Structure formats: C-alpha cells, structure tokens
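With compact mmCIF, C-alpha atoms inside, this is target-v3.txt:
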```
# COMPACT_ATOMS: atom_id res chain seq x y z
CA MET A 1 0.00 0.00 0.00
CA SER A 2 2.81 2.42 0.83
CA GLU A 3 6.03 2.92 -1.07
CA ASN A 4 7.96 4.45 1.84
CA ASN A 5 7.15 2.04 4.69
CA ASP A 6 4.57 4.30 6.33
CA LYS A 7 2.24 2.41 8.62
CA TRP A 8 -1.41 2.51 7.55
CA ILE A 9 -4.29 1.43 9.74
CA ALA A 10 -7.91 0.81 8.83
CA ARG A 11 -10.50 3.07 10.46
CA ALA A 12 -14.27 2.72 10.46
CA ASP A 13 -16.13 5.09 8.15
CA SER A 14 -17.84 6.48 11.27
CA ASP A 15 -14.40 7.77 12.42
CA VAL A 16 -13.69 9.67 9.19
CA ARG A 17 -15.09 12.88 7.70
CA LEU A 18 -14.09 14.75 4.56
CA ARG A 19 -14.18 18.54 4.43
CA TRP A 20 -15.24 20.29 1.22
CA GLN A 21 -15.60 24.02 0.48
CA CYS A 22 -17.37 26.08 -2.17
CA LYS A 23 -14.86 28.37 -3.93
CA GLU A 24 -17.63 30.89 -4.69
CA CYS A 25 -19.45 31.15 -1.32
CA MET A 26 -16.74 29.73 1.00
CA ILE A 27 -19.43 27.54 2.63
CA GLU A 28 -18.10 24.25 4.00
CA ALA A 29 -19.58 20.76 4.04
CA ILE A 30 -18.25 17.95 6.22
CA VAL A 31 -19.42 14.54 5.06
CA PRO A 32 -18.71 10.88 5.88
CA PRO A 33 -17.10 8.64 3.23
CA THR A 34 -20.47 6.92 2.69
CA PHE A 35 -21.90 10.20 1.34
CA PHE A 36 -20.32 9.72 -2.09
CA GLU A 37 -22.01 6.40 -2.88
CA ASP A 38 -25.45 8.01 -2.89
CA ALA A 39 -24.74 11.63 -3.78
CA GLY A 40 -21.38 12.00 -5.56
CA THR A 41 -19.25 15.00 -4.64
CA PRO A 42 -20.87 17.75 -2.52
CA VAL A 43 -22.59 20.68 -4.23
CA CYS A 44 -23.00 24.10 -2.58
CA GLU A 45 -26.54 24.66 -1.32
CA GLU A 46 -26.21 28.43 -1.90
CA CYS A 47 -24.95 28.67 -5.49
CA GLY A 48 -25.10 25.10 -6.86
CA GLU A 49 -21.37 24.91 -7.68
CA ASP A 50 -19.35 21.75 -7.08
CA MET A 51 -17.36 21.98 -3.87
CA THR A 52 -13.59 21.49 -3.68
CA TYR A 53 -11.96 18.89 -1.43
CA VAL A 54 -10.13 20.51 1.51
CA GLN A 55 -8.98 17.75 3.86
CA THR A 56 -9.72 14.45 5.58
CA LEU A 57 -10.57 14.49 9.28
CA VAL A 58 -10.08 11.41 11.50
CA ARG A 59 -11.68 11.06 14.93
CA GLU A 60 -9.10 11.07 17.70
CA MET A 61 -8.99 7.76 19.54
CA ILE A 62 -8.81 8.29 23.29
CA GLN A 63 -6.95 5.58 25.19
CA ARG A 64 -8.59 4.55 28.45
```

Represent the structure of the file as structure tokens.
Amino acid sequence: MSENNDKWIARADSDVRLRWQCKECMIEAIVPPTFFEDAGTPVCEECGEDMTYVQTLVREMIQR
C-alpha cells in the first residue's frame, strides 16, 4: 500500500469525515465517506457549484 514504509491502519467510516468548500461562497460541508455512494461530490446549497476537497478528518482515539 505504501512505497515508503509508512504504517497505515484501517479506520471505520464512522471515524472519518471529509471537508469540502465552495470556492464561490466559502461555505463548507463535512461529510462521511459513505456520502459519495449516494450523492457524488458535494454541491454548494447556496450557489449550486461543485465543492472542492479541503482535507480528511479522522476522529481522535482516546486511550482509556
């Protein structure tokens, strides 16, 4: 999976969100990975433009 020996771990979809932003309105949408199967990439509710991917967010795992 990795060419430089980075360690990758699997995370549940419920622990991941993807942040998208409209370049026109600057409105953000944060969606789970499962969003894309039904809806494709996010579209701005204000102007109807396709949003641009910003970053992936992963829930912090708290050790107890």

Open item on the list: I'd like the neighbourhood of Pro42 in chain A as a list of chain:residue names, where a residue qualifies if any of its atoms comes within 10 Å (using all atoms listed in the file), though same-chain residues fewer than 6 positions away should be ignored.
Closed with: A:Arg19, A:Trp20, A:Gln21, A:Cys22, A:Glu28, A:Ala29, A:Ile30, A:Val31, A:Phe35, A:Phe36, A:Gly48, A:Glu49, A:Asp50, A:Met51, A:Thr52, A:Tyr53

Selected residues written out, C-alpha atoms, as a JSON list (two decimals), keeping the file's coordinate frame:
```
[["chain", "number", "residue", "atom", "x", "y", "z"],
["A", 19, "ARG", "CA", -14.18, 18.54, 4.43],
["A", 20, "TRP", "CA", -15.24, 20.29, 1.22],
["A", 21, "GLN", "CA", -15.60, 24.02, 0.48],
["A", 22, "CYS", "CA", -17.37, 26.08, -2.17],
["A", 28, "GLU", "CA", -18.10, 24.25, 4.00],
["A", 29, "ALA", "CA", -19.58, 20.76, 4.04],
["A", 30, "ILE", "CA", -18.25, 17.95, 6.22],
["A", 31, "VAL", "CA", -19.42, 14.54, 5.06],
["A", 35, "PHE", "CA", -21.90, 10.20, 1.34],
["A", 36, "PHE", "CA", -20.32, 9.72, -2.09],
["A", 48, "GLY", "CA", -25.10, 25.10, -6.86],
["A", 49, "GLU", "CA", -21.37, 24.91, -7.68],
["A", 50, "ASP", "CA", -19.35, 21.75, -7.08],
["A", 51, "MET", "CA", -17.36, 21.98, -3.87],
["A", 52, "THR", "CA", -13.59, 21.49, -3.68],
["A", 53, "TYR", "CA", -11.96, 18.89, -1.43]]
```

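Here CA of Glu46 in chain A stands at a distance of 19.4 Å from CA of Leu18 in chain A.
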
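CA of Thr34 in chain A sits 13.2 Å away from CA of Arg11 in chain A.
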
Task: d(CA of Asp15 in chain A, CA of Glu60 in chain A) in Å - done: 8.2 Å

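Each of A:Ile62, A:Met26, A:Val16, A:Ile9 was compared to Cys44 in chain A using only C-alpha atoms, and A:Met26 turns out to be the nearest.
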
Task: Residue nearest Pro32 in chain A among A:Asn5, A:Arg59, A:Cys47, A:Ala10 (counting all atoms listed in the file) - done: A:Arg59
